[in-house]
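> Here's a structure for you.
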Amino acid sequence: MDATAPVQLKTDTGEWITICAYGDLEPARGVAAKLPDGSQAALFRDRDGAVYAVGNLDPFSRAQVIANGITGSVDGAPTVASPMYKHLFDLRTGRCLDEPDNPERALPVHAVRVSPVAAVS
Amino acid sequence: MTANRSRSQTLVLVGHGMVGQRLLEALAERGALADIGNPGLPGWHVVVLAEEDRPAYDRVHLTTTFTGTPHDELTLADSDFFARHGIELALGDPATAIDTTARTVTSASGLTLSYDALVLATGSYPFVPPIEGADAPGCFTYRTLDDVDALTDYARHAATGVVVGGGLLGLEAAGALRTLGLTTHVVEFAPRLMPMQVDDGGSAALRTTIEAMGVAVHTGVGAHEVDVDADGMTRGLVLSDGTRISADLVVFSAGVRPRDKLARMSGLAVGDRGGVLVDEHCRTADPYVYAIGECAQTADGRVYGLVAPGYQMAEVVADRLAGEGRSVFTGADTSTKLKLLGADVASFGDPFAAEGKGGAVSVVFSDNRDGVYKKLLLGPEGQLLGGILVGDADAYGSLRPHAGADRPLPAPAEAFLLPADGAGALPGADTLPDDAVVCSCHNVTKGAVRAAVAEHGLTDLGGVKRCTKAGTGCGGCAGTLQHILDAELDALGVVKARGLCPHFDLTRAELYETVRTERIRSFTELLEKHGTGGAGCAVCKPVVGNVLGSLAPELGLSHILDGEQAALQDSNDLYLGNLQKDGTYSVVPRIPGGEISPEKLIVIGEIARDHGLYTKITGGQRIDLFGARKEQLPAIWRRLVDAGFESGHAYGKSLRTVKSCVGSKFCRFGQGDAVQLAIDLELRYRGLRAPHKFKGGVSGCLRECAEARGKDIGVIATANGWNLYVGGNGGTNPRHAELLAADLSAAELFRITDRYLMYYLRTGDRLERTSAWLERLEGGIERLREIVVEDALGICAELEEQMERHIAAYRDEWAAVLDDPEKLRRFAEFVNEPAHAG
Ligand code: SRM
Ligand SMILES: Cc1cc2nc3c(=O)[nH]c(=O)nc-3n(C[C@H](O)[C@H](O)[C@H](O)COP(=O)(O)OP(=O)(O)OC[C@H]3O[C@@H](n4cnc5c(N)ncnc54)[C@H](O)[C@@H]3O)c2cc1C
Ligand code: SF4
Ligand code: FES
C-alpha cells in the first residue's frame, strides 16, 4: 500500500473526509482524529494492513483514550483493549466483548477506506 | 467476668501459649464452644487466664524477630477469633491458686472463677543454674517476646555475649546474638553441642559450621559465676575450669523446666523431675483438671519440650471436652529440624538406637570440609529407626515419615544420604504410604493431603496449608507437601493452565529464556516461531515488550519504543507517563534517594505552575505532577532535562524509587549513609524491565525509618556494613523482606543484588512481585541464598555480566524521545490537526 494514499472516513452525514495518509498509521497501533461534529475517532491499522475506525471515547471511563489501546485478536476477531480498565472491543463491530449484549458499552463504528487517489488534504 | 452460665459449662484455661491456643482452635473446630448467638445451648464458655500480656504467639519462630519479623506477625489467632467464640481472654492476669474442692481458680488481679473443667497449659520456664551473679543486669533468658525486647534493647550497648547452653535453644539464642551483631560465645557442659539430639560425629560437623559463622564454642565446661563490675553489671562469665570470658551480657539457655508450681500447690501430683502427672487422656488425678503441653508429664513418663506433641495433647483434650474422648496420647515423635542461620540440623526417630544390639546398623556420610554429617540407623529388616542430619538436612522431609515405621526404607539408604546432584534426586514422597505422617507438627498424613487436594480442587501449596494446616508449623515439610501435591495433580490429570494467554503456551519465564537463548529480536519473529496463531493481545504484547526491554542490551536493541516495539507497549509505556482517569498523564521526575536541591524544587514548581499541573508529594519520596495532556509531555520533559532531571518511572514494570532515610548524614543513630546508597542503587537499576515493578529502601539503622523491609530490595545499615533483605512488599499483601546476606560492603551488596534481580528477571512470572516469586521458589530464602550468594547453579558470573550490560546501556528514555522526531510524532493529540501548543 502506498504510504501517501489518503485514509478516508465516512461521517454521520454520509460524507467521506480525509483523515491522514496511510503511512501515518503505525502497524498494530491507533491514532486519534477529530471529526467535524467535534467528536473523536480512533483509527487503527492491523498487522495485515486493514484499517478500522471506531469512537475514541471509552464508554467505561468516558475518557478519549481508545486510540492508545493495544490491538490484538480474539478468536480471529481484530480487537483493541482500552488502556483505562482493559475492556476489549471488536474493531469491526465496536462491540465490547466483556459486555457483548450491552449497546451502551459499544463503540460507534465508522466506515473507512484507503483511497487509491494520492490526494491528501 | 462471671462464670456459671445457665446451660453452657465453663472451661478455664490457664496459660495462653502455643498449646493453649491449639486447644481453643481444636474446640472451635469441633463446634464444642458455646454459641454466642444462643447462650442457652450447651457448649463450653471459655475463660483464659494468661500471664503474658499478649495473646498466644508462635514461640517456635521467636528467633525470626531478630531478623525483623514484627511481633504481631507471630500472633497465632486472628483478631476476632475470641469475640467470635465468646472466649474471655484475661491478658496479664496469671492464675495464682486452684481450689480443686470448690472447683475455683483465683487470679493475680483477684478474680475467682468457677470451672466445670480446668486445663493447665502453663508451659515451661528457662532453667537458670544457681550460680553467683545470675540475676545481675545483663543476664537474660530466652523464651518470650518480652525476653526478646529486653535482650534487643540491652544489646544495643553491648559488643560481646555468652550463651550458656549448647542445645537446640542455646544455638538459637546464639544465632540471635549474632544477628544483633554481637561477638558470640556458646558454653556447653556436655562434651558436644546439641547433646540431646546429635551424636559425636554430627556434633563435630555442627561445630565446624558454627565456628565458621564466628561463634566461639566451649564444650565440656560449665558456667561457674557471672562476673560483675562495681555497679553490679555483668562484665563476663567465669567457667568451671577457671577461664573467664569477658562479655557484656549472658543468656541462660540451659534447658527448661515444666511450670507445675500452681498444680503442686493445689495438691495435684507432679513427676519426680517435674511436670503435672496426667493419664492417656491428659487428665490429672482430679477428673476435672487436665494438663497439656510442656507443663505435663505424660502417660509414657516423659515431658515433651516440643510443640508437636503438645498439639497432639490439645487434640486429645478437645476430643474429650467435645464429648467423644476416645483418642489418647501415649507418646510422640521428637523429630526436630533446626534452622539456625547457616546450619541445618535435623534428627528424627530414635537417633541413638543402640547399634549392634537388636541388629541395628548405621550408614554414615560425613564431609568435614563442608561440615556435613548424616547418619541413618536401620533395623534388621532395613526399616528406619532414626537418624541425624547436620549441615544438609534436605532429606529430612523424605526420611522423617519413614522413621519408626515397620516397613523397610523404600530406597537404599545412600540414595537419601549422598549429596543430591540436581533437583529431585532424593527419593520423593511417591514412596510414602498414605498413612505416613508427612507433617508432624499437625499430625497430617499423606492420605489426608491427597484427599484434600482432590476434594477441594487445590492447586497450590497455599491451599494445602489452609485446608489441612500441614506446613503451618515449623515449615519443614513444605518440600514433601509440594511433591505430594504435584503428584496428585498429575494423577488427577489436572493440566495447569500455564501459558500466558491464547497466543502463547509459554509462561513469562519460558518466553524470557526463549528470547534470550534463541536471540529473538521482535514480537513478529516470536509469534511466528512460538505463537499459537492470532495477532497477540493486551496480555502477551506488553510481556514480550517488557522481555525485549530486559534483554535489549543482549539483543542489541536500543530504545524501548524503537520500531515494532512501540506497538507492544501499554499506553503508560508508550507515552512514558501514567495514564490518569481523565485520559491525561502524570509526570514523576526521578529524585534518587529523595535528595533534592532547592534549585530543583523551584524548577518543578515552575513547570507545574506554567502547565497548570496538580502537584503532590508521593508515598515514594517524589513529587508527582498530574493532569498533563500527552501533547504537553515533551515540553515538560524538555524543561526537566534542561534542569538536570530525568522524568521517572512511575509506570512500566521497572524500578520505582529507592526510598531512604537520612542516615548517617544527619541522624544521630545512623550507622551508614543511607541516602548515598539509595542514590547509588536507584541509578544502578533504573530502567531495568522486570516481571513486575520493583522498589528499594535503605535505612541507616534497625529503626528502619525508610521501611526498607517492605521493599523488593531492602537494605539496613549495621555496624559492619549493610544487611540485604529481599522479597518485601507493601501494597495488597504486605510481606516483610527476608535477610539474604549480612554485613556487606557496598560493592558486595551491589554484586548480590545484581544477581538476585537478574535471577528474578529470568524466573519470575508475569506480574509477579519478588515477594510472590520468593514465596513460590521451592526452598525459599535458603534456596535463593544458595543460588545467588553461594552460586549453587554456577550462573552468578553470567547474571552479573548481564547487569553490567544493562547499566552500561542505560540512557534517559525521555530525552531520547525528545531527540527523535519519529517518536515525537505520536504525542500529537490528533492525527488530522497540527499538534496543540502545550
Ligand atoms: C503516586 C502514588 C500515590 C501517591 O500519591 O503517593 C501511587 C500511585 C499509583 N500506584 Fe502505587 N503509588 C504510590 C506509592 C505506592 C506505594 C508506597 C511506596 O512505594 O512506598 C505502594 C506500596 C509499596 C509496594 O509497592 O509494595 C504502592 C502500591 C501499589 C500497588 C500494589 C502493588 C503490590 O504489589 O501489591 C499498585 C498496583 C500494581 O502495581 O499492580 C499500585 C499502582 C499505582 C498506580 C500506578 C495505579 C495506576 O495504574 O494508575 C498509581 C498511578 C501513579 C501515577 O499516576 O503517577 N501501587 N504504591 C505513589 C507513587 C510513589 C512514587 O513516587 O513512585
Ligand atoms: C526460642 C525457641 C525455639 C523453639 N523452637 C522449637 C522448635 O523448633 N520446634 C519445637 O517443636 N519446639 C520449639 N520450641 C518449643 C516450643 O515453643 C514449645 O514446645 C511450645 O511453646 C510449648 O507450648 P506450651 O503452650 O506448652 O507452652 P508455652 O508456649 O510456653 O505457653 C505457656 C504459657 O502459659 C503462661 N503461664 C504460665 N503460668 C501461668 C499461670 N499461672 N497463669 C496464666 N498463664 C501462665 C506462660 O506465660 C505462657 O504464655 C522452641 C522454644 C523456644 C523458646
Ligand atoms: S492507593 Fe494508590 S492506586 Fe489506590 S487510589 Fe491511591 S494512589 Fe491510586
Ligand atoms: S512438620 Fe512442621 S509444619 Fe509440617
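A note on labels: chains of the C-alpha cells are A, B, ... as shown, every chain counts residues from 1, and ligands are counted from 1 in their shown order.
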If we count only C-alpha atoms, what is near Ala436 of chain B at a cut-off of 12 Å, once residues fewer than 5 positions away on the same chain are taken out, given as JSON, numbers by chain?

{"B": [397, 398, 399, 400, 401, 402, 403, 404, 405, 406, 407, 429, 430, 431, 443, 444, 445, 446, 447, 448, 449, 450, 480, 484]}

> Name the residues, by chain letter and number, that sit within 6 Å of ligand 4 using only C-alpha atoms and all ligand atoms, and give them as a VMD selection string.

chain B and resid 439 to 441 470 to 477

> Those residues with N, CA, C and O atoms, as a PDB file, in the first residue's frame please?


ATOM      1  N   CYS B 439       3.348 -34.243  57.913  1.00  0.00           N
ATOM      2  CA  CYS B 439       3.552 -33.041  58.720  1.00  0.00           C
ATOM      3  C   CYS B 439       3.433 -33.432  60.183  1.00  0.00           C
ATOM      4  O   CYS B 439       2.338 -33.737  60.663  1.00  0.00           O
ATOM      5  N   SER B 440       4.558 -33.423  60.861  1.00  0.00           N
ATOM      6  CA  SER B 440       4.499 -33.896  62.237  1.00  0.00           C
ATOM      7  C   SER B 440       3.974 -32.816  63.170  1.00  0.00           C
ATOM      8  O   SER B 440       3.427 -33.102  64.220  1.00  0.00           O
ATOM      9  N   CYS B 441       4.110 -31.553  62.787  1.00  0.00           N
ATOM     10  CA  CYS B 441       3.594 -30.511  63.671  1.00  0.00           C
ATOM     11  C   CYS B 441       2.091 -30.632  63.833  1.00  0.00           C
ATOM     12  O   CYS B 441       1.549 -30.394  64.898  1.00  0.00           O
ATOM     13  N   ALA B 470      -1.275 -28.578  57.443  1.00  0.00           N
ATOM     14  CA  ALA B 470       0.070 -29.111  57.218  1.00  0.00           C
ATOM     15  C   ALA B 470       0.948 -27.982  56.695  1.00  0.00           C
ATOM     16  O   ALA B 470       0.509 -27.171  55.887  1.00  0.00           O
ATOM     17  N   GLY B 471       2.173 -27.941  57.187  1.00  0.00           N
ATOM     18  CA  GLY B 471       3.107 -26.947  56.679  1.00  0.00           C
ATOM     19  C   GLY B 471       3.038 -25.615  57.404  1.00  0.00           C
ATOM     20  O   GLY B 471       3.815 -24.719  57.114  1.00  0.00           O
ATOM     21  N   THR B 472       2.113 -25.469  58.356  1.00  0.00           N
ATOM     22  CA  THR B 472       1.994 -24.168  59.023  1.00  0.00           C
ATOM     23  C   THR B 472       2.696 -24.141  60.374  1.00  0.00           C
ATOM     24  O   THR B 472       2.607 -23.162  61.103  1.00  0.00           O
ATOM     25  N   GLY B 473       3.386 -25.251  60.721  1.00  0.00           N
ATOM     26  CA  GLY B 473       4.146 -25.253  61.969  1.00  0.00           C
ATOM     27  C   GLY B 473       5.570 -24.836  61.672  1.00  0.00           C
ATOM     28  O   GLY B 473       5.827 -23.694  61.301  1.00  0.00           O
ATOM     29  N   CYS B 474       6.488 -25.800  61.779  1.00  0.00           N
ATOM     30  CA  CYS B 474       7.894 -25.474  61.567  1.00  0.00           C
ATOM     31  C   CYS B 474       8.215 -25.246  60.100  1.00  0.00           C
ATOM     32  O   CYS B 474       9.246 -24.701  59.763  1.00  0.00           O
ATOM     33  N   GLY B 475       7.351 -25.685  59.217  1.00  0.00           N
ATOM     34  CA  GLY B 475       7.588 -25.497  57.794  1.00  0.00           C
ATOM     35  C   GLY B 475       8.506 -26.533  57.177  1.00  0.00           C
ATOM     36  O   GLY B 475       8.752 -26.524  55.970  1.00  0.00           O
ATOM     37  N   GLY B 476       9.006 -27.454  57.985  1.00  0.00           N
ATOM     38  CA  GLY B 476       9.975 -28.432  57.495  1.00  0.00           C
ATOM     39  C   GLY B 476       9.416 -29.393  56.454  1.00  0.00           C
ATOM     40  O   GLY B 476      10.168 -30.042  55.734  1.00  0.00           O
ATOM     41  N   CYS B 477       8.108 -29.498  56.373  1.00  0.00           N
ATOM     42  CA  CYS B 477       7.521 -30.486  55.473  1.00  0.00           C
ATOM     43  C   CYS B 477       7.107 -29.886  54.139  1.00  0.00           C
ATOM     44  O   CYS B 477       6.524 -30.575  53.301  1.00  0.00           O
TER      45      CYS B 477
END

> Could you pull out the residues in segment 1-116 of chain A that DSSP calls helix (DSSP H, G or I) from the backbone, as a list of chain:residue names?

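DSSP on the backbone gives helix (DSSP H, G or I) at A:Tyr22, A:Gly23, A:Asp24, A:Ile66, A:Ala67, A:Asn68, A:Pro103, A:Glu104, A:Arg105.
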
> Keeping only N, CA and C atoms, take the residues you just selected and write them out as a PDB file, in the first residue's frame.


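Wrote out.pdb, looks like this:
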ATOM      1  N   TYR A  22      -1.945   7.021   4.701  1.00  0.00           N
ATOM      2  CA  TYR A  22      -1.829   5.640   5.186  1.00  0.00           C
ATOM      3  C   TYR A  22      -0.549   5.456   6.015  1.00  0.00           C
ATOM      4  N   GLY A  23       0.499   6.095   5.582  1.00  0.00           N
ATOM      5  CA  GLY A  23       1.789   5.994   6.280  1.00  0.00           C
ATOM      6  C   GLY A  23       1.767   6.596   7.682  1.00  0.00           C
ATOM      7  N   ASP A  24       0.760   7.400   7.983  1.00  0.00           N
ATOM      8  CA  ASP A  24       0.661   7.948   9.342  1.00  0.00           C
ATOM      9  C   ASP A  24       0.186   6.903  10.347  1.00  0.00           C
ATOM     10  N   ILE A  66      -9.321   5.465  23.530  1.00  0.00           N
ATOM     11  CA  ILE A  66      -9.324   4.184  22.814  1.00  0.00           C
ATOM     12  C   ILE A  66      -8.158   4.079  21.812  1.00  0.00           C
ATOM     13  N   ALA A  67      -7.805   5.193  21.184  1.00  0.00           N
ATOM     14  CA  ALA A  67      -6.739   5.170  20.173  1.00  0.00           C
ATOM     15  C   ALA A  67      -5.406   4.710  20.773  1.00  0.00           C
ATOM     16  N   ASN A  68      -5.238   4.841  22.080  1.00  0.00           N
ATOM     17  CA  ASN A  68      -3.955   4.470  22.704  1.00  0.00           C
ATOM     18  C   ASN A  68      -3.927   3.017  23.166  1.00  0.00           C
ATOM     19  N   PRO A 103     -25.572  -2.429  24.498  1.00  0.00           N
ATOM     20  CA  PRO A 103     -25.256  -1.447  23.446  1.00  0.00           C
ATOM     21  C   PRO A 103     -24.644  -0.170  24.014  1.00  0.00           C
ATOM     22  N   GLU A 104     -24.920   0.126  25.296  1.00  0.00           N
ATOM     23  CA  GLU A 104     -24.351   1.318  25.935  1.00  0.00           C
ATOM     24  C   GLU A 104     -22.829   1.284  25.979  1.00  0.00           C
ATOM     25  N   ARG A 105     -22.309   0.051  26.000  1.00  0.00           N
ATOM     26  CA  ARG A 105     -20.857  -0.090  26.134  1.00  0.00           C
ATOM     27  C   ARG A 105     -20.171  -0.333  24.796  1.00  0.00           C
TER      28      ARG A 105
END

> Which residues are close to segment 26-31 of chain B, i.e. within 10 Å by only C-alpha atoms, leaving aside same-chain residues fewer than 6 positions away? Reply as an MDAnalysis selection string.

chainID B and resid 20 43:44 81 84:85 311 314:323

> Hey, which residues sit close to ligand 2? Say within 8 Å, counting only C-alpha atoms and all ligand atoms, and write them as a VMD selection string.

chain B and resid 14 to 21 48 to 52 56 to 63 92 to 96 107 121 to 125 142 to 144 168 to 169 172 to 173 259 262 292 to 295 304 to 310 334 336 to 339 441 474

> Which neighbours of Val217 of chain B fall inside 10 Å, counting only C-alpha atoms, when residues of the same chain fewer than 3 positions from it are skipped, and could you give them as a PDB file with all heavy atoms, in the first residue's frame?


ATOM      1  N   VAL B 162      27.543 -14.136  75.813  1.00  0.00           N
ATOM      2  CA  VAL B 162      27.783 -15.556  76.023  1.00  0.00           C
ATOM      3  C   VAL B 162      26.447 -16.249  76.196  1.00  0.00           C
ATOM      4  O   VAL B 162      25.578 -15.759  76.933  1.00  0.00           O
ATOM      5  CB  VAL B 162      28.565 -15.846  77.321  1.00  0.00           C
ATOM      6  CG1 VAL B 162      29.013 -17.303  77.359  1.00  0.00           C
ATOM      7  CG2 VAL B 162      29.735 -14.928  77.462  1.00  0.00           C
ATOM      8  N   VAL B 163      26.291 -17.393  75.542  1.00  0.00           N
ATOM      9  CA  VAL B 163      25.104 -18.196  75.750  1.00  0.00           C
ATOM     10  C   VAL B 163      25.500 -19.404  76.582  1.00  0.00           C
ATOM     11  O   VAL B 163      26.459 -20.108  76.239  1.00  0.00           O
ATOM     12  CB  VAL B 163      24.508 -18.669  74.407  1.00  0.00           C
ATOM     13  CG1 VAL B 163      23.333 -19.606  74.656  1.00  0.00           C
ATOM     14  CG2 VAL B 163      24.075 -17.473  73.578  1.00  0.00           C
ATOM     15  N   GLY B 166      24.376 -25.338  74.986  1.00  0.00           N
ATOM     16  CA  GLY B 166      24.641 -25.571  73.562  1.00  0.00           C
ATOM     17  C   GLY B 166      23.651 -26.545  72.968  1.00  0.00           C
ATOM     18  O   GLY B 166      23.984 -27.314  72.074  1.00  0.00           O
ATOM     19  N   THR B 184      29.978 -13.657  69.703  1.00  0.00           N
ATOM     20  CA  THR B 184      29.177 -14.610  70.458  1.00  0.00           C
ATOM     21  C   THR B 184      29.966 -15.842  70.896  1.00  0.00           C
ATOM     22  O   THR B 184      30.758 -16.382  70.128  1.00  0.00           O
ATOM     23  CB  THR B 184      27.965 -15.044  69.603  1.00  0.00           C
ATOM     24  OG1 THR B 184      27.285 -13.875  69.168  1.00  0.00           O
ATOM     25  CG2 THR B 184      27.027 -15.947  70.375  1.00  0.00           C
ATOM     26  N   HIS B 185      29.728 -16.250  72.140  1.00  0.00           N
ATOM     27  CA  HIS B 185      30.312 -17.483  72.677  1.00  0.00           C
ATOM     28  C   HIS B 185      29.186 -18.427  73.085  1.00  0.00           C
ATOM     29  O   HIS B 185      28.144 -17.973  73.549  1.00  0.00           O
ATOM     30  CB  HIS B 185      31.126 -17.198  73.947  1.00  0.00           C
ATOM     31  CG  HIS B 185      32.306 -16.332  73.707  1.00  0.00           C
ATOM     32  ND1 HIS B 185      33.588 -16.834  73.588  1.00  0.00           N
ATOM     33  CD2 HIS B 185      32.415 -14.992  73.563  1.00  0.00           C
ATOM     34  CE1 HIS B 185      34.429 -15.832  73.388  1.00  0.00           C
ATOM     35  NE2 HIS B 185      33.733 -14.709  73.364  1.00  0.00           N
ATOM     36  N   VAL B 186      29.444 -19.734  72.946  1.00  0.00           N
ATOM     37  CA  VAL B 186      28.496 -20.709  73.470  1.00  0.00           C
ATOM     38  C   VAL B 186      29.243 -21.625  74.440  1.00  0.00           C
ATOM     39  O   VAL B 186      30.331 -22.109  74.125  1.00  0.00           O
ATOM     40  CB  VAL B 186      27.893 -21.564  72.342  1.00  0.00           C
ATOM     41  CG1 VAL B 186      27.098 -22.726  72.912  1.00  0.00           C
ATOM     42  CG2 VAL B 186      26.998 -20.721  71.459  1.00  0.00           C
ATOM     43  N   VAL B 187      28.656 -21.819  75.617  1.00  0.00           N
ATOM     44  CA  VAL B 187      29.272 -22.685  76.616  1.00  0.00           C
ATOM     45  C   VAL B 187      28.355 -23.883  76.846  1.00  0.00           C
ATOM     46  O   VAL B 187      27.180 -23.706  77.163  1.00  0.00           O
ATOM     47  CB  VAL B 187      29.448 -21.909  77.944  1.00  0.00           C
ATOM     48  CG1 VAL B 187      29.981 -22.827  79.029  1.00  0.00           C
ATOM     49  CG2 VAL B 187      30.358 -20.708  77.735  1.00  0.00           C
ATOM     50  N   GLU B 188      28.883 -25.091  76.648  1.00  0.00           N
ATOM     51  CA  GLU B 188      28.064 -26.290  76.837  1.00  0.00           C
ATOM     52  C   GLU B 188      28.764 -27.233  77.798  1.00  0.00           C
ATOM     53  O   GLU B 188      29.917 -27.590  77.616  1.00  0.00           O
ATOM     54  CB  GLU B 188      27.808 -26.968  75.478  1.00  0.00           C
ATOM     55  CG  GLU B 188      27.235 -28.378  75.543  1.00  0.00           C
ATOM     56  CD  GLU B 188      25.893 -28.480  76.292  1.00  0.00           C
ATOM     57  OE1 GLU B 188      24.986 -27.684  75.981  1.00  0.00           O
ATOM     58  OE2 GLU B 188      25.777 -29.361  77.189  1.00  0.00           O
ATOM     59  N   ARG B 192      29.719 -32.223  73.866  1.00  0.00           N
ATOM     60  CA  ARG B 192      29.411 -31.849  72.486  1.00  0.00           C
ATOM     61  C   ARG B 192      28.155 -30.981  72.425  1.00  0.00           C
ATOM     62  O   ARG B 192      27.384 -30.921  73.379  1.00  0.00           O
ATOM     63  CB  ARG B 192      29.206 -33.103  71.634  1.00  0.00           C
ATOM     64  CG  ARG B 192      28.081 -33.981  72.145  1.00  0.00           C
ATOM     65  CD  ARG B 192      27.700 -35.021  71.103  1.00  0.00           C
ATOM     66  NE  ARG B 192      26.441 -35.642  71.466  1.00  0.00           N
ATOM     67  CZ  ARG B 192      26.333 -36.834  72.039  1.00  0.00           C
ATOM     68  NH1 ARG B 192      27.414 -37.546  72.314  1.00  0.00           N
ATOM     69  NH2 ARG B 192      25.152 -37.324  72.323  1.00  0.00           N
ATOM     70  N   LEU B 193      27.994 -30.325  71.269  1.00  0.00           N
ATOM     71  CA  LEU B 193      26.813 -29.485  71.059  1.00  0.00           C
ATOM     72  C   LEU B 193      25.575 -30.336  70.836  1.00  0.00           C
ATOM     73  O   LEU B 193      25.669 -31.470  70.367  1.00  0.00           O
ATOM     74  CB  LEU B 193      27.014 -28.587  69.831  1.00  0.00           C
ATOM     75  CG  LEU B 193      28.072 -27.503  69.967  1.00  0.00           C
ATOM     76  CD1 LEU B 193      28.318 -26.829  68.616  1.00  0.00           C
ATOM     77  CD2 LEU B 193      27.658 -26.467  71.000  1.00  0.00           C
ATOM     78  N   ARG B 207      29.767 -28.131  64.894  1.00  0.00           N
ATOM     79  CA  ARG B 207      30.730 -27.205  65.469  1.00  0.00           C
ATOM     80  C   ARG B 207      31.522 -26.486  64.368  1.00  0.00           C
ATOM     81  O   ARG B 207      31.743 -25.280  64.434  1.00  0.00           O
ATOM     82  CB  ARG B 207      31.673 -28.007  66.374  1.00  0.00           C
ATOM     83  CG  ARG B 207      32.648 -27.145  67.095  1.00  0.00           C
ATOM     84  CD  ARG B 207      33.449 -27.957  68.088  1.00  0.00           C
ATOM     85  NE  ARG B 207      34.277 -27.036  68.845  1.00  0.00           N
ATOM     86  CZ  ARG B 207      34.479 -27.130  70.145  1.00  0.00           C
ATOM     87  NH1 ARG B 207      33.922 -28.107  70.815  1.00  0.00           N
ATOM     88  NH2 ARG B 207      35.228 -26.252  70.761  1.00  0.00           N
ATOM     89  N   THR B 208      31.924 -27.258  63.353  1.00  0.00           N
ATOM     90  CA  THR B 208      32.658 -26.656  62.235  1.00  0.00           C
ATOM     91  C   THR B 208      31.858 -25.498  61.659  1.00  0.00           C
ATOM     92  O   THR B 208      32.365 -24.392  61.454  1.00  0.00           O
ATOM     93  CB  THR B 208      32.840 -27.698  61.097  1.00  0.00           C
ATOM     94  OG1 THR B 208      33.397 -28.876  61.659  1.00  0.00           O
ATOM     95  CG2 THR B 208      33.718 -27.155  59.984  1.00  0.00           C
ATOM     96  N   ILE B 210      29.306 -23.834  62.936  1.00  0.00           N
ATOM     97  CA  ILE B 210      29.009 -22.729  63.845  1.00  0.00           C
ATOM     98  C   ILE B 210      30.242 -21.883  64.106  1.00  0.00           C
ATOM     99  O   ILE B 210      30.181 -20.659  64.165  1.00  0.00           O
ATOM    100  CB  ILE B 210      28.386 -23.294  65.136  1.00  0.00           C
ATOM    101  CG1 ILE B 210      26.989 -23.774  64.785  1.00  0.00           C
ATOM    102  CG2 ILE B 210      28.369 -22.272  66.250  1.00  0.00           C
ATOM    103  CD1 ILE B 210      26.212 -24.354  65.903  1.00  0.00           C
ATOM    104  N   GLU B 211      31.383 -22.535  64.175  1.00  0.00           N
ATOM    105  CA  GLU B 211      32.616 -21.764  64.355  1.00  0.00           C
ATOM    106  C   GLU B 211      32.906 -20.931  63.116  1.00  0.00           C
ATOM    107  O   GLU B 211      33.384 -19.806  63.205  1.00  0.00           O
ATOM    108  CB  GLU B 211      33.780 -22.695  64.693  1.00  0.00           C
ATOM    109  CG  GLU B 211      33.688 -23.166  66.145  1.00  0.00           C
ATOM    110  CD  GLU B 211      34.785 -24.155  66.545  1.00  0.00           C
ATOM    111  OE1 GLU B 211      35.405 -24.729  65.625  1.00  0.00           O
ATOM    112  OE2 GLU B 211      34.991 -24.338  67.756  1.00  0.00           O
ATOM    113  N   GLY B 214      31.634 -17.656  63.097  1.00  0.00           N
ATOM    114  CA  GLY B 214      32.247 -16.695  64.016  1.00  0.00           C
ATOM    115  C   GLY B 214      31.770 -16.844  65.446  1.00  0.00           C
ATOM    116  O   GLY B 214      31.962 -15.954  66.265  1.00  0.00           O
TER     117      GLY B 214
END

> Residues at most 8 Å from Asp46 of chain A, counting only C-alpha atoms, excluding those fewer than 5 positions away in the same chain, as a compact mmCIF listing (two decimals) with C-alpha atoms, in the first residue's frame?


# COMPACT_ATOMS: atom_id res chain seq x y z
CA PRO A 27 1.05 -1.22 12.21
CA ALA A 28 -0.92 -2.56 15.18
CA ARG A 29 -1.39 0.86 16.75
CA VAL A 51 -7.84 -0.18 8.61
CA THR A 71 -4.57 -4.16 19.42
CA PRO A 78 -9.47 -7.90 15.50

> Counting only C-alpha atoms, a student should be able to say which residues of chain A come within 9 Å of chain B; what is the right answer, written as a ChimeraX atom specification?

/A:18-20,24-29,31-35,40,46-47,61-65,68-81,83-84,86,88
